[in-house]
Amino acid sequence: MAASNPLRCHVHPVVLFSIVDSFERRSDESSRVIGTLLGTNIHGTIEVTNCFCVPHNESEDEVAVDMEFAKNMYDLHKKVNPVETIVGWYATGPEITDHSVLIHDYYSKECFNPVHITIDTTVENLKMSMTVWVRQNMGVPEKSQGTVFVPIPLKVICHEPERVALDTLIRGKKSGPQGLALIDDLSFVSQAATKLQDLLTIVLKYVDDVIAGKIQADNHVGRYLMDLVAKVPKLQPEDLDQMLNNSMKDLLMVSYLSQLVSTQLSLNENLTSVVAKGLDKLDKHDKNKQAPAVDTK
């Protein structure tokens with residue numbers, strides 16, 4: 001499938017953590033770090049799921065990038081996850097420099113219309129700003145032309161496992177130097193139900209205020225709430241309770257069977273080890289019996 005021109009960019013949190021980590025581990029001579037972005041390009045939506053840092057030397061007059069290292073690293077990543085391809089490159093810093101055009105030319109040979117992400121690691125106002133750029137040519141056709149970088153919409157997205165990890169990191173900020181254990185499944189369900197109940201309370205209060213005329217109605221919010229209510233299955237309370245009880249019974253049965261299989265495997269492993277040791281001792285005992293007696297006269 002042919003790649004499309006980038007229209008928007010979605011970045012996963014693991015990419016941001018990797019970029020910040022490479023910036024913190026940079027050498028004393030380097031003022032910034034650059035690297036390759038890996039992901040997919042589906043109908044103009046760039047989804048960045050991975051990245052790696054590329055060594056480079058930069059001065060006011062020139063820039064040198066270790067292209068061989070970048071090629072070898074990409075080949076290794078491709079063996080692990082062939083779906084991820086090169087979609088662009090990143091650099092730490094709040095703005096685009098004169099050397100960005102040269103580096104962008106290299107990545108233009110690796111993929112179609114690469115994106116460029118700049119991350120401001122100075123963290124001004126306790127916020128790390130990010131911008132996604134795409135290059136566009138400007139000027140008179142068949143005459144002198146220049147290059148301009150245009151920003152495109154950026155959104156940070158995450159899968160459910162990444163969300164769990166992020167929530168754990170956020171809770172770790174309040175725990176201090178003490179260790180933080182992951183919550184069990186039942187506690188996680190309880191917290192999710194409590195959060196859902198709080199959100200429903202906020203929605204009900206908003207609807208009551210709109211009906212009472214305290215706040216002005218928003219058509220966009222109203223359509224969103226209507227779609228949300230339409231997706232709720234129309235079930236009687238008794239049917240819903242029965243469905244939940246049946247699901248809970250199935251879940252408990254699966255959990256019991258998994259624990260039973262784990263116990264069976266552990267018992268089988270222990271019995272195999274005991275039998276093997278017993279056979280070794282029996283074999284040594286038989287060899288001692290069969291050994292001929294030595295005449296000392």
# chains A, B, ... in the order shown; residues from 1 in each chain; ligands from 1
call {"tool": "residues_around", "arguments": {"residues": "stretch 25-29 of chain A", "least_positions_apart": "3", "cutoff": "12 Å", "atoms": "only C-alpha atoms", "output": "PyMOL selection string"}}
result
chain A and resi 18-22+32-34+53-59+92
call {"tool": "write_last_selection", "arguments": {"atoms": "all heavy atoms", "output": "tab-separated table (two decimals), in the first residue's frame"}}
result
chain	number	residue	atom	x	y	z
A	18	SER	N	11.45	7.24	25.82
A	18	SER	CA	12.72	6.88	25.19
A	18	SER	C	13.51	8.11	24.77
A	18	SER	O	14.74	8.17	24.92
A	18	SER	CB	12.46	5.97	23.98
A	18	SER	OG	13.66	5.60	23.36
A	19	ILE	N	12.81	9.12	24.25
A	19	ILE	CA	13.50	10.35	23.84
A	19	ILE	C	14.09	11.08	25.03
A	19	ILE	O	15.25	11.53	25.01
A	19	ILE	CB	12.52	11.25	23.06
A	19	ILE	CG1	12.11	10.58	21.74
A	19	ILE	CG2	13.15	12.61	22.78
A	19	ILE	CD1	11.05	11.35	20.98
A	20	VAL	N	13.32	11.19	26.10
A	20	VAL	CA	13.82	11.87	27.30
A	20	VAL	C	14.99	11.10	27.90
A	20	VAL	O	15.98	11.68	28.37
A	20	VAL	CB	12.68	12.04	28.31
A	20	VAL	CG1	13.21	12.58	29.63
A	20	VAL	CG2	11.61	12.97	27.76
A	21	ASP	N	14.90	9.76	27.89
A	21	ASP	CA	15.99	8.95	28.43
A	21	ASP	C	17.27	9.14	27.62
A	21	ASP	O	18.36	9.27	28.18
A	21	ASP	CB	15.57	7.48	28.43
A	21	ASP	CG	16.66	6.57	28.98
A	21	ASP	OD1	16.92	6.62	30.19
A	21	ASP	OD2	17.27	5.80	28.18
A	22	SER	N	17.16	9.17	26.29
A	22	SER	CA	18.35	9.38	25.47
A	22	SER	C	18.92	10.79	25.67
A	22	SER	O	20.14	10.98	25.63
A	22	SER	CB	18.01	9.17	23.99
A	22	SER	OG	17.02	10.09	23.55
A	32	ARG	N	21.99	18.44	22.05
A	32	ARG	CA	20.70	17.82	21.77
A	32	ARG	C	20.94	16.42	21.22
A	32	ARG	O	22.07	16.03	20.92
A	32	ARG	CB	19.89	18.65	20.77
A	32	ARG	CG	20.49	18.70	19.37
A	32	ARG	CD	19.52	19.32	18.38
A	32	ARG	NE	20.01	19.28	17.00
A	32	ARG	CZ	19.26	19.51	15.95
A	32	ARG	NH1	17.97	19.80	16.11
A	32	ARG	NH2	19.76	19.45	14.72
A	33	VAL	N	19.87	15.66	21.10
A	33	VAL	CA	19.94	14.31	20.55
A	33	VAL	C	18.93	14.20	19.41
A	33	VAL	O	17.92	14.91	19.39
A	33	VAL	CB	19.65	13.23	21.61
A	33	VAL	CG1	20.72	13.21	22.67
A	33	VAL	CG2	18.28	13.44	22.24
A	34	ILE	N	19.24	13.31	18.46
A	34	ILE	CA	18.33	13.04	17.36
A	34	ILE	C	18.14	11.54	17.28
A	34	ILE	O	18.90	10.76	17.87
A	34	ILE	CB	18.86	13.59	16.02
A	34	ILE	CG1	20.13	12.83	15.61
A	34	ILE	CG2	19.12	15.09	16.11
A	34	ILE	CD1	20.61	13.17	14.21
A	53	CYS	N	17.76	6.22	19.34
A	53	CYS	CA	18.65	7.37	19.21
A	53	CYS	C	19.75	7.06	18.19
A	53	CYS	O	20.22	5.92	18.09
A	53	CYS	CB	19.26	7.71	20.57
A	53	CYS	SG	20.35	9.15	20.56
A	54	VAL	N	20.17	8.08	17.44
A	54	VAL	CA	21.23	7.95	16.44
A	54	VAL	C	22.38	8.89	16.83
A	54	VAL	O	22.15	10.10	16.99
A	54	VAL	CB	20.71	8.29	15.03
A	54	VAL	CG1	21.84	8.22	14.01
A	54	VAL	CG2	19.57	7.36	14.64
A	55	PRO	N	23.60	8.37	16.98
A	55	PRO	CA	24.73	9.26	17.32
A	55	PRO	C	25.00	10.28	16.22
A	55	PRO	O	24.87	9.98	15.02
A	55	PRO	CB	25.90	8.27	17.47
A	55	PRO	CG	25.27	6.93	17.67
A	55	PRO	CD	23.98	6.95	16.92
A	56	HIS	N	25.40	11.46	16.62
A	56	HIS	CA	25.72	12.50	15.65
A	56	HIS	C	26.64	13.52	16.30
A	56	HIS	O	26.69	13.66	17.53
A	56	HIS	CB	24.45	13.18	15.13
A	56	HIS	CG	23.90	14.22	16.05
A	56	HIS	ND1	23.36	13.93	17.30
A	56	HIS	CD2	23.82	15.58	15.91
A	56	HIS	CE1	22.96	15.04	17.88
A	56	HIS	NE2	23.22	16.06	17.07
A	57	ASN	N	27.39	14.21	15.47
A	57	ASN	CA	28.24	15.31	15.89
A	57	ASN	C	27.77	16.57	15.18
A	57	ASN	O	27.54	16.57	13.97
A	57	ASN	CB	29.71	15.03	15.54
A	57	ASN	CG	30.27	13.87	16.34
A	57	ASN	OD1	29.96	13.72	17.52
A	57	ASN	ND2	31.10	13.04	15.69
A	58	GLU	N	27.64	17.63	15.95
A	58	GLU	CA	27.05	18.85	15.42
A	58	GLU	C	27.84	20.05	15.89
A	58	GLU	O	28.21	20.15	17.06
A	58	GLU	CB	25.59	18.95	15.86
A	58	GLU	CG	24.79	20.00	15.15
A	58	GLU	CD	23.31	19.91	15.50
A	58	GLU	OE1	22.96	19.12	16.40
A	58	GLU	OE2	22.52	20.63	14.87
A	59	SER	N	28.11	20.94	14.96
A	59	SER	CA	28.76	22.21	15.26
A	59	SER	C	28.01	23.32	14.54
A	59	SER	O	26.99	23.08	13.89
A	59	SER	CB	30.24	22.17	14.84
A	59	SER	OG	30.35	22.00	13.44
A	92	THR	N	15.64	16.91	20.00
A	92	THR	CA	15.30	17.68	21.19
A	92	THR	C	15.66	19.14	20.94
A	92	THR	O	16.67	19.46	20.34
A	92	THR	CB	16.07	17.14	22.41
A	92	THR	OG1	17.48	17.17	22.14
A	92	THR	CG2	15.65	15.71	22.71
call {"tool": "select_by_dssp", "arguments": {"residues": "stretch 52-100 of chain A", "states": "alpha helix (DSSP H)", "output": "list in words"}}
result
Met67, Glu68, Phe69, Ala70, Lys71, Asn72, Met73, Tyr74, Asp75, Leu76, His77, Lys78, Lys79, Val80 and Ser100 of chain A
call {"tool": "write_last_selection", "arguments": {"atoms": "all heavy atoms", "output": "compact mmCIF listing (two decimals), in the first residue's frame"}}
result
# COMPACT_ATOMS: atom_id res chain seq x y z
N MET A 67 25.09 7.23 9.85
CA MET A 67 24.06 6.57 9.06
C MET A 67 24.17 5.05 9.11
O MET A 67 23.16 4.35 9.04
CB MET A 67 24.14 7.06 7.60
CG MET A 67 23.91 8.55 7.45
SD MET A 67 24.00 9.08 5.73
CE MET A 67 23.70 10.84 5.90
N GLU A 68 25.38 4.54 9.24
CA GLU A 68 25.56 3.09 9.31
C GLU A 68 24.92 2.54 10.59
O GLU A 68 24.30 1.48 10.57
CB GLU A 68 27.06 2.76 9.28
CG GLU A 68 27.36 1.28 9.16
CD GLU A 68 26.91 0.69 7.84
OE1 GLU A 68 26.79 1.45 6.86
OE2 GLU A 68 26.69 -0.53 7.79
N PHE A 69 25.09 3.26 11.69
CA PHE A 69 24.46 2.84 12.94
C PHE A 69 22.94 2.87 12.81
O PHE A 69 22.25 1.94 13.27
CB PHE A 69 24.90 3.77 14.08
CG PHE A 69 24.24 3.49 15.39
CD1 PHE A 69 24.76 2.55 16.27
CD2 PHE A 69 23.08 4.17 15.77
CE1 PHE A 69 24.16 2.28 17.48
CE2 PHE A 69 22.46 3.91 16.97
CZ PHE A 69 23.01 2.96 17.84
N ALA A 70 22.41 3.90 12.18
CA ALA A 70 20.95 4.00 12.00
C ALA A 70 20.43 2.85 11.15
O ALA A 70 19.37 2.27 11.44
CB ALA A 70 20.59 5.34 11.37
N LYS A 71 21.17 2.47 10.10
CA LYS A 71 20.74 1.39 9.23
C LYS A 71 20.77 0.05 9.98
O LYS A 71 19.83 -0.76 9.87
CB LYS A 71 21.64 1.32 7.99
CG LYS A 71 21.26 0.24 7.00
CD LYS A 71 22.17 0.26 5.79
CE LYS A 71 21.76 -0.81 4.78
NZ LYS A 71 21.77 -2.17 5.37
N ASN A 72 21.82 -0.20 10.75
CA ASN A 72 21.92 -1.46 11.50
C ASN A 72 20.84 -1.56 12.57
O ASN A 72 20.25 -2.64 12.77
CB ASN A 72 23.31 -1.58 12.13
CG ASN A 72 24.42 -1.72 11.10
OD1 ASN A 72 24.17 -2.19 9.98
ND2 ASN A 72 25.62 -1.31 11.45
N MET A 73 20.56 -0.46 13.24
CA MET A 73 19.52 -0.49 14.27
C MET A 73 18.15 -0.74 13.66
O MET A 73 17.33 -1.49 14.21
CB MET A 73 19.51 0.83 15.04
CG MET A 73 20.64 0.97 16.05
SD MET A 73 20.50 -0.20 17.42
CE MET A 73 19.00 0.37 18.20
N TYR A 74 17.90 -0.13 12.52
CA TYR A 74 16.61 -0.36 11.87
C TYR A 74 16.47 -1.80 11.40
O TYR A 74 15.39 -2.40 11.50
CB TYR A 74 16.45 0.60 10.69
CG TYR A 74 15.18 0.34 9.89
CD1 TYR A 74 13.93 0.43 10.50
CD2 TYR A 74 15.25 0.02 8.54
CE1 TYR A 74 12.77 0.19 9.77
CE2 TYR A 74 14.09 -0.23 7.82
CZ TYR A 74 12.87 -0.14 8.43
OH TYR A 74 11.72 -0.38 7.72
N ASP A 75 17.55 -2.41 10.91
CA ASP A 75 17.51 -3.81 10.51
C ASP A 75 17.21 -4.72 11.70
O ASP A 75 16.45 -5.70 11.58
CB ASP A 75 18.83 -4.21 9.86
CG ASP A 75 19.04 -3.54 8.51
OD1 ASP A 75 18.04 -3.10 7.91
OD2 ASP A 75 20.21 -3.42 8.08
N LEU A 76 17.76 -4.40 12.87
CA LEU A 76 17.48 -5.20 14.07
C LEU A 76 16.03 -5.04 14.50
O LEU A 76 15.38 -6.03 14.86
CB LEU A 76 18.43 -4.78 15.20
CG LEU A 76 19.91 -5.12 15.01
CD1 LEU A 76 20.74 -4.54 16.14
CD2 LEU A 76 20.11 -6.63 14.95
N HIS A 77 15.52 -3.82 14.47
CA HIS A 77 14.12 -3.61 14.83
C HIS A 77 13.18 -4.31 13.85
O HIS A 77 12.13 -4.82 14.25
CB HIS A 77 13.81 -2.11 14.86
CG HIS A 77 14.17 -1.43 16.14
ND1 HIS A 77 15.46 -1.06 16.45
CD2 HIS A 77 13.42 -1.07 17.21
CE1 HIS A 77 15.49 -0.50 17.63
NE2 HIS A 77 14.27 -0.49 18.12
N LYS A 78 13.57 -4.33 12.58
CA LYS A 78 12.71 -4.94 11.58
C LYS A 78 12.61 -6.45 11.78
O LYS A 78 11.58 -7.06 11.45
CB LYS A 78 13.26 -4.62 10.18
CG LYS A 78 12.30 -4.93 9.06
CD LYS A 78 12.69 -4.19 7.79
CE LYS A 78 14.13 -4.47 7.41
NZ LYS A 78 14.48 -3.86 6.10
N LYS A 79 13.65 -7.07 12.34
CA LYS A 79 13.59 -8.50 12.63
C LYS A 79 12.62 -8.78 13.77
O LYS A 79 11.96 -9.82 13.79
CB LYS A 79 14.98 -9.02 12.99
CG LYS A 79 15.96 -9.02 11.82
CD LYS A 79 17.32 -9.55 12.24
CE LYS A 79 18.29 -9.54 11.07
NZ LYS A 79 19.64 -10.04 11.47
N VAL A 80 12.53 -7.88 14.72
CA VAL A 80 11.63 -8.07 15.87
C VAL A 80 10.20 -7.72 15.50
O VAL A 80 9.26 -8.44 15.85
CB VAL A 80 12.12 -7.21 17.06
CG1 VAL A 80 11.16 -7.35 18.25
CG2 VAL A 80 13.53 -7.62 17.47
N SER A 100 18.60 20.96 10.34
CA SER A 100 17.44 20.08 10.25
C SER A 100 17.12 19.72 8.81
O SER A 100 16.67 18.61 8.53
CB SER A 100 16.22 20.75 10.91
OG SER A 100 16.46 20.98 12.28
call {"tool": "residues_around", "arguments": {"residues": "A:Val148", "least_positions_apart": "2", "cutoff": "8 Å", "atoms": "only C-alpha atoms", "output": "list in words"}}
result
Arg135, Gln136, Asn137, Met138, Gly146 and Val150 of chain A
call {"tool": "write_last_selection", "arguments": {"atoms": "N, CA and C atoms", "output": "JSON list (two decimals), in the first residue's frame"}}
result
[["chain", "number", "residue", "atom", "x", "y", "z"],
["A", 135, "ARG", "N", 7.68, 18.72, 5.83],
["A", 135, "ARG", "CA", 8.35, 19.66, 4.94],
["A", 135, "ARG", "C", 7.54, 19.89, 3.67],
["A", 136, "GLN", "N", 7.49, 21.14, 3.26],
["A", 136, "GLN", "CA", 6.85, 21.51, 2.00],
["A", 136, "GLN", "C", 7.76, 22.45, 1.23],
["A", 137, "ASN", "N", 7.79, 22.24, -0.07],
["A", 137, "ASN", "CA", 8.61, 23.09, -0.94],
["A", 137, "ASN", "C", 7.83, 24.34, -1.31],
["A", 138, "MET", "N", 8.54, 25.43, -1.43],
["A", 138, "MET", "CA", 7.92, 26.69, -1.80],
["A", 138, "MET", "C", 8.83, 27.41, -2.80],
["A", 146, "GLY", "N", 12.56, 26.96, -2.11],
["A", 146, "GLY", "CA", 12.99, 26.82, -0.73],
["A", 146, "GLY", "C", 12.19, 25.76, -0.01],
["A", 150, "VAL", "N", 5.97, 22.82, 8.10],
["A", 150, "VAL", "CA", 4.60, 23.17, 8.49],
["A", 150, "VAL", "C", 4.15, 22.21, 9.60]]
call {"tool": "closest_atom_pairs", "arguments": {"of": "stretch 185-206 of chain A", "to": "stretch 215-221 of chain A", "cutoff": "12 Å", "atoms": "only C-alpha atoms", "output": "Markdown table"}}
result
| residue | atom | partner | partner_atom | distance |
| --- | --- | --- | --- | --- |
| A:Val203 | CA | A:Val221 | CA | 10.2 |
| A:Lys205 | CA | A:Ile215 | CA | 10.9 |
| A:Tyr206 | CA | A:Ile215 | CA | 8.3 |
call {"tool": "residues_around", "arguments": {"residues": "A:Arg8", "least_positions_apart": "6", "cutoff": "7 Å", "atoms": "only C-alpha atoms", "output": "PyMOL selection string"}}
result
chain A and resi 44-46+152-154
call {"tool": "select_by_dssp", "arguments": {"residues": "stretch 51-177 of chain A", "states": "strand (DSSP E or B)", "output": "ChimeraX atom specification"}}
result
/A:51-54,56-58,63-65,85-92,115-119,130-139,145-152,154-156
call {"tool": "residues_around", "arguments": {"residues": "A:Ile42", "least_positions_apart": "3", "cutoff": "12 Å", "atoms": "only C-alpha atoms", "output": "list in words"}}
result
Met1, Ala2, Ala3, Ser4, Asn5, Pro6, Leu7, Arg8, Cys9, His10, Gly39, Thr45, Ile46, Glu47, Val48, Val83, Glu84, Thr85 and Val87 of chain A
call {"tool": "write_last_selection", "arguments": {"atoms": "N, CA, C and O atoms", "output": "compact mmCIF listing (two decimals), in the first residue's frame"}}
result
# COMPACT_ATOMS: atom_id res chain seq x y z
N MET A 1 0.84 -1.20 0.00
CA MET A 1 0.00 0.00 0.00
C MET A 1 0.88 1.25 0.00
O MET A 1 1.80 1.38 0.81
N ALA A 2 0.62 2.14 -0.91
CA ALA A 2 1.41 3.35 -1.03
C ALA A 2 1.17 4.27 0.16
O ALA A 2 0.05 4.40 0.65
N ALA A 3 2.26 4.91 0.62
CA ALA A 3 2.15 5.81 1.76
C ALA A 3 1.47 7.11 1.33
O ALA A 3 1.60 7.55 0.20
N SER A 4 0.74 7.72 2.26
CA SER A 4 0.04 8.96 2.00
C SER A 4 0.76 10.11 2.68
O SER A 4 1.58 9.91 3.60
N ASN A 5 0.47 11.31 2.23
CA ASN A 5 1.04 12.49 2.86
C ASN A 5 0.55 12.59 4.31
O ASN A 5 -0.65 12.42 4.58
N PRO A 6 1.44 12.87 5.26
CA PRO A 6 1.03 12.94 6.67
C PRO A 6 0.02 14.06 6.90
O PRO A 6 0.26 15.21 6.53
N LEU A 7 -1.10 13.70 7.52
CA LEU A 7 -2.13 14.68 7.86
C LEU A 7 -2.22 14.92 9.36
O LEU A 7 -2.57 16.01 9.80
N ARG A 8 -1.92 13.90 10.14
CA ARG A 8 -1.95 13.98 11.60
C ARG A 8 -0.97 12.96 12.15
O ARG A 8 -0.57 12.04 11.44
N CYS A 9 -0.60 13.13 13.41
CA CYS A 9 0.40 12.25 14.01
C CYS A 9 -0.06 11.84 15.41
O CYS A 9 -0.48 12.68 16.21
N HIS A 10 0.00 10.53 15.68
CA HIS A 10 -0.30 9.97 16.99
C HIS A 10 0.99 9.37 17.58
O HIS A 10 1.66 8.59 16.90
N GLY A 39 7.04 3.41 13.09
CA GLY A 39 5.59 3.30 13.25
C GLY A 39 4.93 2.92 11.94
O GLY A 39 5.50 2.20 11.12
N THR A 45 -2.45 9.07 8.52
CA THR A 45 -2.33 9.12 9.97
C THR A 45 -1.04 8.41 10.39
O THR A 45 -0.92 7.19 10.24
N ILE A 46 -0.09 9.17 10.88
CA ILE A 46 1.18 8.62 11.32
C ILE A 46 1.05 8.20 12.79
O ILE A 46 0.72 9.02 13.65
N GLU A 47 1.29 6.92 13.06
CA GLU A 47 1.27 6.43 14.44
C GLU A 47 2.69 6.00 14.81
O GLU A 47 3.22 5.02 14.29
N VAL A 48 3.31 6.74 15.71
CA VAL A 48 4.68 6.49 16.13
C VAL A 48 4.64 5.59 17.37
O VAL A 48 4.12 5.98 18.43
N VAL A 83 6.33 -4.89 11.12
CA VAL A 83 5.26 -3.94 10.80
C VAL A 83 5.74 -2.50 10.94
O VAL A 83 5.31 -1.61 10.19
N GLU A 84 6.63 -2.25 11.89
CA GLU A 84 7.11 -0.89 12.12
C GLU A 84 8.12 -0.50 11.04
O GLU A 84 9.10 -1.21 10.80
N THR A 85 7.88 0.62 10.43
CA THR A 85 8.78 1.16 9.41
C THR A 85 9.20 2.57 9.82
O THR A 85 8.64 3.18 10.74
N VAL A 87 9.16 6.33 9.83
CA VAL A 87 8.16 7.35 9.49
C VAL A 87 8.70 8.76 9.67
O VAL A 87 8.02 9.72 9.32
call {"tool": "atom_distance", "arguments": {"atom1": "atom CA of A:Asn50", "atom2": "atom CA of A:Val11"}}
result
8.9 Å
call {"tool": "closest_residue", "arguments": {"among": "A:Pro82, A:Ile183, A:Ala192, A:Thr201", "to": "A:Ala165", "atoms": "only C-alpha atoms"}}
result
A:Ile183
call {"tool": "closest_residue", "arguments": {"among": "A:Leu169, A:Leu271, A:Ala64, A:Met130", "to": "A:Val156", "atoms": "only C-alpha atoms"}}
result
A:Met130
call {"tool": "closest_residue", "arguments": {"among": "A:Leu200, A:His99, A:Val210, A:Ser262", "to": "A:Glu60", "atoms": "only C-alpha atoms"}}
result
A:His99
call {"tool": "decode", "arguments": {"residues": "stretch 89-149 of chain A", "atoms": "C-alpha atoms", "output": "PDB file, in the first residue's frame"}}
result
ATOM      1  CA  TRP A  89      12.935  11.491  12.964  1.00  0.00           C
ATOM      2  CA  TYR A  90      13.018  13.474  16.177  1.00  0.00           C
ATOM      3  CA  ALA A  91      15.249  16.080  17.769  1.00  0.00           C
ATOM      4  CA  THR A  92      15.303  17.677  21.187  1.00  0.00           C
ATOM      5  CA  GLY A  93      14.986  21.429  21.212  1.00  0.00           C
ATOM      6  CA  PRO A  94      12.214  24.002  20.901  1.00  0.00           C
ATOM      7  CA  GLU A  95      12.854  24.947  17.275  1.00  0.00           C
ATOM      8  CA  ILE A  96      14.135  23.803  13.897  1.00  0.00           C
ATOM      9  CA  THR A  97      17.788  24.558  13.152  1.00  0.00           C
ATOM     10  CA  ASP A  98      19.664  25.046   9.876  1.00  0.00           C
ATOM     11  CA  HIS A  99      20.970  21.480  10.085  1.00  0.00           C
ATOM     12  CA  SER A 100      17.438  20.075  10.251  1.00  0.00           C
ATOM     13  CA  VAL A 101      17.088  20.365   6.477  1.00  0.00           C
ATOM     14  CA  LEU A 102      20.203  18.237   5.907  1.00  0.00           C
ATOM     15  CA  ILE A 103      19.069  15.551   8.333  1.00  0.00           C
ATOM     16  CA  HIS A 104      15.587  15.625   6.832  1.00  0.00           C
ATOM     17  CA  ASP A 105      17.073  14.984   3.390  1.00  0.00           C
ATOM     18  CA  TYR A 106      18.591  11.746   4.662  1.00  0.00           C
ATOM     19  CA  TYR A 107      15.289  10.507   6.099  1.00  0.00           C
ATOM     20  CA  SER A 108      13.491  11.508   2.901  1.00  0.00           C
ATOM     21  CA  LYS A 109      15.490   8.733   1.217  1.00  0.00           C
ATOM     22  CA  GLU A 110      14.327   6.206   3.841  1.00  0.00           C
ATOM     23  CA  CYS A 111      10.571   6.919   3.708  1.00  0.00           C
ATOM     24  CA  PHE A 112       7.985   8.974   1.876  1.00  0.00           C
ATOM     25  CA  ASN A 113       7.550  12.505   3.276  1.00  0.00           C
ATOM     26  CA  PRO A 114       8.922  11.861   6.802  1.00  0.00           C
ATOM     27  CA  VAL A 115       7.649  13.720   9.841  1.00  0.00           C
ATOM     28  CA  HIS A 116       9.891  15.633  12.206  1.00  0.00           C
ATOM     29  CA  ILE A 117       9.102  15.870  15.923  1.00  0.00           C
ATOM     30  CA  THR A 118      10.737  18.537  18.081  1.00  0.00           C
ATOM     31  CA  ILE A 119      10.574  18.157  21.869  1.00  0.00           C
ATOM     32  CA  ASP A 120      11.416  21.054  24.147  1.00  0.00           C
ATOM     33  CA  THR A 121      13.409  19.403  26.940  1.00  0.00           C
ATOM     34  CA  THR A 122      13.960  22.704  28.759  1.00  0.00           C
ATOM     35  CA  VAL A 123      10.536  22.094  30.385  1.00  0.00           C
ATOM     36  CA  GLU A 124       9.613  25.733  30.705  1.00  0.00           C
ATOM     37  CA  ASN A 125       6.568  26.395  32.912  1.00  0.00           C
ATOM     38  CA  LEU A 126       6.701  22.713  33.954  1.00  0.00           C
ATOM     39  CA  LYS A 127       5.490  21.651  30.512  1.00  0.00           C
ATOM     40  CA  MET A 128       7.336  19.730  27.802  1.00  0.00           C
ATOM     41  CA  SER A 129       6.027  21.033  24.495  1.00  0.00           C
ATOM     42  CA  MET A 130       6.054  18.911  21.331  1.00  0.00           C
ATOM     43  CA  THR A 131       5.477  19.798  17.704  1.00  0.00           C
ATOM     44  CA  VAL A 132       5.217  17.639  14.589  1.00  0.00           C
ATOM     45  CA  TRP A 133       6.462  19.116  11.327  1.00  0.00           C
ATOM     46  CA  VAL A 134       6.274  18.119   7.670  1.00  0.00           C
ATOM     47  CA  ARG A 135       8.353  19.663   4.942  1.00  0.00           C
ATOM     48  CA  GLN A 136       6.847  21.510   2.001  1.00  0.00           C
ATOM     49  CA  ASN A 137       8.605  23.090  -0.936  1.00  0.00           C
ATOM     50  CA  MET A 138       7.922  26.693  -1.804  1.00  0.00           C
ATOM     51  CA  GLY A 139       8.986  28.992  -4.606  1.00  0.00           C
ATOM     52  CA  VAL A 140       8.625  29.341  -8.350  1.00  0.00           C
ATOM     53  CA  PRO A 141       8.436  26.073 -10.351  1.00  0.00           C
ATOM     54  CA  GLU A 142      11.589  25.259 -12.348  1.00  0.00           C
ATOM     55  CA  LYS A 143      13.343  28.157 -10.637  1.00  0.00           C
ATOM     56  CA  SER A 144      14.660  28.857  -7.170  1.00  0.00           C
ATOM     57  CA  GLN A 145      12.782  26.956  -4.483  1.00  0.00           C
ATOM     58  CA  GLY A 146      12.995  26.824  -0.728  1.00  0.00           C
ATOM     59  CA  THR A 147      11.815  24.601   2.085  1.00  0.00           C
ATOM     60  CA  VAL A 148       9.382  25.363   4.859  1.00  0.00           C
ATOM     61  CA  PHE A 149       8.338  23.157   7.769  1.00  0.00           C
TER      62      PHE A 149
END
